[in-house]
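Take a look at the structure below.
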Amino acid sequence: MVALKVGRYASGSRAASSHTGALVGSDAVFDAALRRAGSVRVRTYTQLFAAARVLAAGRQPQGERLAIVTNGGGPGVMAADSASECGVPLAQLSDQTIALLDAKLPPQWSRGNPLDIIGDAPPARFGAASAAALADPAVDALLVMYSPVAVTDPEAAAQAVAEAARGSRKPVLAAWLGDINPNASRRMLESHGIPNFYTPENAIEAFSFLCAYRRNQAQLLQAPPAAAQLDERAPDLGAAEAIRARARAERRTLLTEHESKALLAAFHLPVPRSVPVSSKDEALQAAQAMGYPVVMKIHSPDITHKSDVGGVRLDLQSSAMVGAAYDDMLRQVRSLRPQARIEGALLQPMLRFPHAREVLVGVATDAVFGPVISFGAGGVAVEALRDTAVALPPLNAPLAQELMQRTRVHRLLAGYRDVPAADLDALGAIVVGVSRMVCALPWLLEMDLNPVLAHPGGAVIVDARVVVDIERREFAPRYGHMAIHPYPRELEAEVHTRDGRAVRVRPIRPEDAGREMRFFAGLSERSRYQRFMQYLSTLSERMLARFTQLDYDRELALVALWEDEFIAVGRYAPNEDGVTAEFALTVADAWQGKGLGRVLLERLCDAARAAGYRALYGQILHANRDMLELAAHVGFTEHSQEGDTVTVVRPLT
């Protein structure tokens with residue numbers, strides 16, 4: 001899918017809202033939703049058709065390194081400039097490729113990428129350069145550009161490129177510039193699966209969309225869970241609810257910093273020790289017990305940005321400094337914010353880490369897509385820097401790293417000059433932990449963790465601001481507040497067959513396409529016919545994607561595994577009415593009659609009931625007596641008959 005969305009700016013959004021009467025969320029959030037859904041976002045009509053042309057060619061790159069072959073130096077540099085602007089890396093040609101080209105090209109060729117094969121290049125030179133570039137393991141795709149010259153026929157050059165690309169599976173794009181008779185050249189190229197473009201920039205943009213499609217399809221295959229691994233500590237949801245209850249009793253939506261950090265600690269996120277004090281004497285005692293140096297912050301439910309009112313004192317080295325800072329800070333804050341409720345101060349250790357960098361991790365609630373997680377440069381100048389990327393939860397470690405990589409501050413985090421890299425795994429773990437909070441707490445509306453100090457030895461959350469929903473007492477079904485339903489890890493289990501063997505049962509995941517194909521290939525023709533009610537020799541790629549890439553909020557497939565291979569698959573999908581669903585069940589021939597089908601079907605019924613479906617239907621061949629008997633044992637009754645099929649139903653209320 002290629003999407004061209006209007007209303008990217010505030011004026012356009014207002015026009016769209018007044019015209020359609022629909023809520024329009026942040027354009028960055030919409031972009032994140034499209035990315036997570038595996039589609040490609042474009043911004044102009046020209047880009048729309050460029051993306052369609054390159055995606056329709058059907059060749060997918062294994063990476064994003066592009067080689068450019070051109071007989072015109074100027075267009076080659078234009079293409080290289082456009083590649084930098086679009087984030088497309090140019091391939092570094094190997095020494096073997098350069099040596100090969102030295103033997104085939106004139107001495108004055110560019111000896112690099114772009115490969116300038118000189119303006120008088122005959123068709124054979126186009127073919128030789130294209131073939132050499134495609135054979136280089138460091139090249140993932142090729143763009144060939146032709147600038148019109150009197151000595152070279154454009155159609156013959158196109159034929160040479162097409163011949164060179166014939167045996168390669170790498171994407172090849174073309175830009176035949178200023179061709180007097182472009183139709184003949186275009187037909188020649190596109191008949192060989194090589195999309196042609198009119199400008200270097202348009203061709204580079206098209207390849208960038210192919211790269212975006214590759215990256216976004218990889219995101220589509222991620223199925224993050226809502227909770228931690230089974231061997232990790234579970235969050236203290238009771239403590240989290242107690243914090244919200246206290247805020248609700250006081251009719252406030254903004255948590256204090258102390259409450260915010262307690263909420264983070266309930267999810268085992270790294271926060272420094274924080275001690276609230278209500279007097280100078282308490283501050284002196286807390287600082288003595290904590291050890292110097294310490295940090296002092298104003299403790300007020302009405303003040304969000306403490307540094308704006310002088311509410312932060314750093315690097316307090318002694319009791320004298322602590323006492324003076326306490327008096328001075330409260331005097332200054334009260335003069336600037338006389339209406340604010342001042343409850344005292346918070347003391348915490350002064351954190352010192354070599355080579356620390358400040359970042360922000362945040363949560364916002366979009367009007368359309370619900371909770372959104374942001375990451376970017378932090379500190380007091382976060383609004384001025386405006387270096388932020390957003391993603392839709394749930395997130396796992398790969399998605400968290402991808403989110404961080406889309407920011408400029410990631411270059412600083414990765415290390416530069418003599419500054420070592422920050423602990424990106426620890427920072428990613430904080431992002432994943434925030435995602436788990438979003439999944440578990442529907443009442444979490446906003447959260448700013450700023451700054452988060454990332455350093456070579458780890459990462460720690462220094463300050464936190466949290467806004468909660470205190471009005472809603474009842475919430476939608478589980479994860480109903482999220483646009484993307486997490487992987488339902490709670491449905492994982494171990495079951496036993498009638499002969500005593502322990503079998504793992506879990507929801508299907510996108511990476512299970514290979515297991516699904518092998519499971520189908522191992523079924524007898526009889527089992528395949530009973531499942532699909534037609535003879536199928538194989539599953540198409542579209543069917544595999546449909547079977548493994550599920551929206552867990554609407555549908556579910558449970559698989560039983562033995563030695564890490566599928567031995568049974570049961571699934572349900574919604575009917576058109578949206579309140580009932582239809583199930584299908586297949587058990588490998590060697591595992592039939594062992595009670596596995598009954599276990600899966602009962603678990604499907606339980607899951608469908610929990611998802612809010614009122615009834616589960618199934619269509620079973622009249623000749624499939626085993627399945628009809630199994631359905632009856634699980635509580636299904638005959639609903640209707642049509643031809644050689646029987647429809648059975650089980651109410652789930």
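How things are named: the first chain in the structure tokens is A, the next is B, and so on; residues count from 1 in each chain; ligands count from 1 in the order shown.
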
- Give me the residues within 8 Å of region 543-560 of chain A as a VMD selection string, counting only C-alpha atoms and dropping any in the same chain fewer than 4 places off. chain A and resid 220 to 221 484 to 488 503 to 513 516 to 517 539 566 to 574 600 604 611

- Query: Which residues come within 9 Å of Ala228 (chain A), counting only C-alpha atoms, excluding same-chain residues fewer than 4 positions away, as a PyMOL selection string?
  - Reply: chain A and resi 232-235+433+436

- Task: Please return as a PyMOL selection string: the residues of region 13-124 of chain A that backbone DSSP assigns to strand (DSSP E or B).
- Result: chain A and resi 40-42+66-70+90+115-116

Export N, CA and C atoms of the chosen residues as a PDB file, in the first residue's frame?
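What follows is the written file part_8.pdb:
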ATOM      1  N   VAL A  40       3.890   2.500   2.617  1.00  0.00           N
ATOM      2  CA  VAL A  40       4.838   3.531   2.205  1.00  0.00           C
ATOM      3  C   VAL A  40       4.108   4.864   2.148  1.00  0.00           C
ATOM      4  N   ARG A  41       4.699   5.882   2.749  1.00  0.00           N
ATOM      5  CA  ARG A  41       4.116   7.232   2.769  1.00  0.00           C
ATOM      6  C   ARG A  41       4.798   8.093   1.708  1.00  0.00           C
ATOM      7  N   VAL A  42       4.009   8.768   0.867  1.00  0.00           N
ATOM      8  CA  VAL A  42       4.533   9.729  -0.098  1.00  0.00           C
ATOM      9  C   VAL A  42       3.845  11.068   0.140  1.00  0.00           C
ATOM     10  N   LEU A  66      23.172   1.666  -2.821  1.00  0.00           N
ATOM     11  CA  LEU A  66      22.853   1.901  -4.232  1.00  0.00           C
ATOM     12  C   LEU A  66      24.113   2.223  -5.019  1.00  0.00           C
ATOM     13  N   ALA A  67      24.231   1.627  -6.201  1.00  0.00           N
ATOM     14  CA  ALA A  67      25.267   1.993  -7.162  1.00  0.00           C
ATOM     15  C   ALA A  67      24.618   2.773  -8.296  1.00  0.00           C
ATOM     16  N   ILE A  68      25.327   3.766  -8.811  1.00  0.00           N
ATOM     17  CA  ILE A  68      24.819   4.624  -9.881  1.00  0.00           C
ATOM     18  C   ILE A  68      25.776   4.544 -11.059  1.00  0.00           C
ATOM     19  N   VAL A  69      25.261   4.162 -12.221  1.00  0.00           N
ATOM     20  CA  VAL A  69      26.026   4.160 -13.473  1.00  0.00           C
ATOM     21  C   VAL A  69      25.484   5.276 -14.343  1.00  0.00           C
ATOM     22  N   THR A  70      26.370   6.136 -14.862  1.00  0.00           N
ATOM     23  CA  THR A  70      25.922   7.274 -15.660  1.00  0.00           C
ATOM     24  C   THR A  70      26.966   7.621 -16.710  1.00  0.00           C
ATOM     25  N   LEU A  90      25.205   5.330  -0.646  1.00  0.00           N
ATOM     26  CA  LEU A  90      25.845   4.881  -1.877  1.00  0.00           C
ATOM     27  C   LEU A  90      26.802   3.738  -1.563  1.00  0.00           C
ATOM     28  N   LEU A 115      29.443   5.695 -10.902  1.00  0.00           N
ATOM     29  CA  LEU A 115      30.341   5.191 -11.931  1.00  0.00           C
ATOM     30  C   LEU A 115      30.126   6.022 -13.190  1.00  0.00           C
ATOM     31  N   ASP A 116      30.960   7.029 -13.397  1.00  0.00           N
ATOM     32  CA  ASP A 116      30.872   7.877 -14.590  1.00  0.00           C
ATOM     33  C   ASP A 116      31.647   7.188 -15.709  1.00  0.00           C
TER      34      ASP A 116
END

Which residues of region 22-52 of chain A come within 9 Å of region 198-202 of chain A, and what is each one's closest atom pair and distance in Å (one decimal), counting only C-alpha atoms, sorted by chain and residue number, as a tab-separated table?
residue	atom	partner	partner_atom	distance
A:Thr46	CA	A:Asn202	CA	8.1
A:Gln47	CA	A:Asn202	CA	7.5
A:Ala50	CA	A:Asn202	CA	7.1

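Closest approach to Arg244 (chain A) among A:Ala615, A:Val363, A:Leu449, A:Leu444 is made by A:Leu444 (distances from only C-alpha atoms).
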
- Message: Given only C-alpha atoms as the basis, pick out the residue of A:Met437, A:Leu616, A:Val275, A:Ala289 nearest to Val466 (chain A).
- Response: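 Distance minimum relative to Val466 (chain A) lands on A:Met437.
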
- Task: Please provide as a list in words all residues within 9 Å of Arg337 (chain A), with the sequence filter that same-chain residues fewer than 5 positions apart are discarded (counting only C-alpha atoms).
- Result: Ile303, Val309 and Gln332 of chain A

Within 8 Å of Tyr617 (chain A) using only C-alpha atoms, minus same-chain residues under 5 positions, as a compact mmCIF listing (two decimals) with N, CA and C atoms, in the first residue's frame:
# COMPACT_ATOMS: atom_id res chain seq x y z
N THR A 580 -19.79 -11.97 15.96
CA THR A 580 -19.57 -13.40 15.93
C THR A 580 -18.31 -13.67 15.12
N ALA A 581 -17.76 -14.86 15.29
CA ALA A 581 -16.54 -15.23 14.59
C ALA A 581 -16.66 -16.66 14.07
N GLU A 582 -15.79 -17.00 13.11
CA GLU A 582 -15.79 -18.34 12.52
C GLU A 582 -14.45 -19.00 12.80
N PHE A 583 -14.50 -20.26 13.21
CA PHE A 583 -13.26 -20.97 13.55
C PHE A 583 -12.90 -21.96 12.46
N THR A 647 -23.09 -26.21 9.23
CA THR A 647 -22.67 -25.07 10.04
C THR A 647 -23.03 -25.34 11.49
N VAL A 648 -22.00 -25.24 12.36
CA VAL A 648 -22.22 -25.46 13.79
C VAL A 648 -21.98 -24.13 14.52
N VAL A 649 -22.57 -23.99 15.70
CA VAL A 649 -22.46 -22.74 16.45
C VAL A 649 -22.39 -23.05 17.94
N ARG A 650 -21.62 -22.21 18.64
CA ARG A 650 -21.59 -22.29 20.10
C ARG A 650 -21.72 -20.88 20.66

- Task: Just the helix (DSSP H, G or I) stuff from region 523-593 of chain A, please, per backbone DSSP, written as a list in words.
- Result: Glu525, Arg526, Ser527, Arg528, Tyr529, Gln530, Arg531, Phe532, Glu541, Arg542, Met543, Leu544, Ala545, Arg546, Phe547, Thr548, Asp589, Ala590 and Trp591 of chain A

Export N, CA, C and O atoms of the chosen residues as a PDB file, in the first residue's frame?
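And here is the file that came out, part-v8.pdb:
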ATOM      1  N   GLU A 525      -3.667 -35.086   1.562  1.00  0.00           N
ATOM      2  CA  GLU A 525      -4.655 -34.418   0.710  1.00  0.00           C
ATOM      3  C   GLU A 525      -6.030 -34.411   1.365  1.00  0.00           C
ATOM      4  O   GLU A 525      -6.793 -33.445   1.243  1.00  0.00           O
ATOM      5  N   ARG A 526      -6.333 -35.462   2.095  1.00  0.00           N
ATOM      6  CA  ARG A 526      -7.627 -35.532   2.781  1.00  0.00           C
ATOM      7  C   ARG A 526      -7.734 -34.432   3.835  1.00  0.00           C
ATOM      8  O   ARG A 526      -8.748 -33.735   3.919  1.00  0.00           O
ATOM      9  N   SER A 527      -6.679 -34.251   4.641  1.00  0.00           N
ATOM     10  CA  SER A 527      -6.700 -33.214   5.678  1.00  0.00           C
ATOM     11  C   SER A 527      -6.762 -31.820   5.060  1.00  0.00           C
ATOM     12  O   SER A 527      -7.453 -30.930   5.570  1.00  0.00           O
ATOM     13  N   ARG A 528      -6.045 -31.616   3.956  1.00  0.00           N
ATOM     14  CA  ARG A 528      -6.099 -30.308   3.297  1.00  0.00           C
ATOM     15  C   ARG A 528      -7.507 -30.020   2.775  1.00  0.00           C
ATOM     16  O   ARG A 528      -8.017 -28.904   2.914  1.00  0.00           O
ATOM     17  N   TYR A 529      -8.117 -31.025   2.186  1.00  0.00           N
ATOM     18  CA  TYR A 529      -9.458 -30.807   1.631  1.00  0.00           C
ATOM     19  C   TYR A 529     -10.461 -30.534   2.746  1.00  0.00           C
ATOM     20  O   TYR A 529     -11.341 -29.673   2.614  1.00  0.00           O
ATOM     21  N   GLN A 530     -10.347 -31.255   3.854  1.00  0.00           N
ATOM     22  CA  GLN A 530     -11.274 -31.025   4.961  1.00  0.00           C
ATOM     23  C   GLN A 530     -11.095 -29.637   5.558  1.00  0.00           C
ATOM     24  O   GLN A 530     -12.064 -29.034   6.028  1.00  0.00           O
ATOM     25  N   ARG A 531      -9.877 -29.101   5.509  1.00  0.00           N
ATOM     26  CA  ARG A 531      -9.639 -27.771   6.073  1.00  0.00           C
ATOM     27  C   ARG A 531     -10.102 -26.674   5.120  1.00  0.00           C
ATOM     28  O   ARG A 531     -10.777 -25.718   5.522  1.00  0.00           O
ATOM     29  N   PHE A 532      -9.749 -26.771   3.833  1.00  0.00           N
ATOM     30  CA  PHE A 532     -10.013 -25.678   2.904  1.00  0.00           C
ATOM     31  C   PHE A 532     -11.208 -25.938   1.984  1.00  0.00           C
ATOM     32  O   PHE A 532     -11.597 -25.059   1.220  1.00  0.00           O
ATOM     33  N   GLU A 541       2.037 -16.703  -1.158  1.00  0.00           N
ATOM     34  CA  GLU A 541       2.625 -15.752  -0.215  1.00  0.00           C
ATOM     35  C   GLU A 541       1.535 -14.903   0.429  1.00  0.00           C
ATOM     36  O   GLU A 541       1.622 -14.557   1.610  1.00  0.00           O
ATOM     37  N   ARG A 542       0.516 -14.550  -0.338  1.00  0.00           N
ATOM     38  CA  ARG A 542      -0.579 -13.749   0.221  1.00  0.00           C
ATOM     39  C   ARG A 542      -1.320 -14.528   1.304  1.00  0.00           C
ATOM     40  O   ARG A 542      -1.665 -13.979   2.359  1.00  0.00           O
ATOM     41  N   MET A 543      -1.556 -15.820   1.071  1.00  0.00           N
ATOM     42  CA  MET A 543      -2.231 -16.628   2.081  1.00  0.00           C
ATOM     43  C   MET A 543      -1.369 -16.794   3.326  1.00  0.00           C
ATOM     44  O   MET A 543      -1.862 -16.720   4.461  1.00  0.00           O
ATOM     45  N   LEU A 544      -0.044 -16.994   3.138  1.00  0.00           N
ATOM     46  CA  LEU A 544       0.850 -17.128   4.284  1.00  0.00           C
ATOM     47  C   LEU A 544       0.834 -15.864   5.130  1.00  0.00           C
ATOM     48  O   LEU A 544       0.778 -15.927   6.362  1.00  0.00           O
ATOM     49  N   ALA A 545       0.888 -14.717   4.468  1.00  0.00           N
ATOM     50  CA  ALA A 545       0.847 -13.464   5.213  1.00  0.00           C
ATOM     51  C   ALA A 545      -0.476 -13.320   5.950  1.00  0.00           C
ATOM     52  O   ALA A 545      -0.524 -12.883   7.102  1.00  0.00           O
ATOM     53  N   ARG A 546      -1.544 -13.706   5.289  1.00  0.00           N
ATOM     54  CA  ARG A 546      -2.872 -13.587   5.909  1.00  0.00           C
ATOM     55  C   ARG A 546      -2.992 -14.505   7.124  1.00  0.00           C
ATOM     56  O   ARG A 546      -3.669 -14.173   8.103  1.00  0.00           O
ATOM     57  N   PHE A 547      -2.357 -15.660   7.078  1.00  0.00           N
ATOM     58  CA  PHE A 547      -2.460 -16.632   8.166  1.00  0.00           C
ATOM     59  C   PHE A 547      -1.551 -16.287   9.356  1.00  0.00           C
ATOM     60  O   PHE A 547      -1.825 -16.713  10.483  1.00  0.00           O
ATOM     61  N   THR A 548      -0.461 -15.536   9.117  1.00  0.00           N
ATOM     62  CA  THR A 548       0.527 -15.331  10.180  1.00  0.00           C
ATOM     63  C   THR A 548       0.585 -13.898  10.696  1.00  0.00           C
ATOM     64  O   THR A 548       1.037 -13.684  11.819  1.00  0.00           O
ATOM     65  N   ASP A 589      -1.767 -35.155  10.587  1.00  0.00           N
ATOM     66  CA  ASP A 589      -2.307 -36.514  10.510  1.00  0.00           C
ATOM     67  C   ASP A 589      -1.758 -37.415  11.607  1.00  0.00           C
ATOM     68  O   ASP A 589      -2.505 -38.188  12.221  1.00  0.00           O
ATOM     69  N   ALA A 590      -0.452 -37.299  11.888  1.00  0.00           N
ATOM     70  CA  ALA A 590       0.165 -38.182  12.881  1.00  0.00           C
ATOM     71  C   ALA A 590      -0.269 -37.857  14.303  1.00  0.00           C
ATOM     72  O   ALA A 590      -0.050 -38.661  15.215  1.00  0.00           O
ATOM     73  N   TRP A 591      -0.874 -36.710  14.519  1.00  0.00           N
ATOM     74  CA  TRP A 591      -1.263 -36.288  15.866  1.00  0.00           C
ATOM     75  C   TRP A 591      -2.766 -36.310  16.081  1.00  0.00           C
ATOM     76  O   TRP A 591      -3.246 -35.877  17.140  1.00  0.00           O
TER      77      TRP A 591
END

- Item | For Val467 (chain A), the nearest of the candidates A:Ser279, A:Thr253, A:Gln108, A:Ser524, counting only C-alpha atoms | A:Thr253

- Task: Determine, counting only C-alpha atoms, which protein, DNA and RNA residues have an atom within 6 Å of an atom of region 366-383 of chain A; residues of the same chain fewer than 3 positions away are not included. Present the result as JSON, numbers by chain.
- Result: {"A": [25, 358, 359, 360, 361, 362, 363, 386, 387, 388, 389, 390, 391, 392, 409, 450, 451, 482, 483]}

- Message: Set the distance at 12 Å and use only C-alpha atoms: which residues neighbour region 151-168 of chain A once local chain neighbours fewer than 5 positions away are removed? I'd like the list as a PyMOL selection string.
- Response: chain A and resi 59-61+69-71+118-137+139-146+173-196

- Test item: residues at most 7 Å from Ser274 (chain A), only C-alpha atoms, excluding those fewer than 5 positions along its chain, as a PyMOL selection string: chain A and resi 258+346-348

- A straight line from CA of Leu385 (chain A) to CA of Ala426 (chain A) spans 23.5 Å

- Rounded to one decimal place, report the CA of Met329 (chain A)-CA of Gly311 (chain A) distance in Å.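 About the pair CA of Met329 (chain A) and CA of Gly311 (chain A): they are 6.0 Å apart.
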
- Which value, in Å to one decimal, gives the distance between CA of Thr365 (chain A) and CA of Gly612 (chain A)? 24.6 Å

- Query: Which one of A:Ile470, A:Ala32, A:Ala320, A:Ile620 sits closest to Arg246 (chain A) if you count only C-alpha atoms?
  - Reply: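 Under the stated criterion, the closest residue is A:Ile470.
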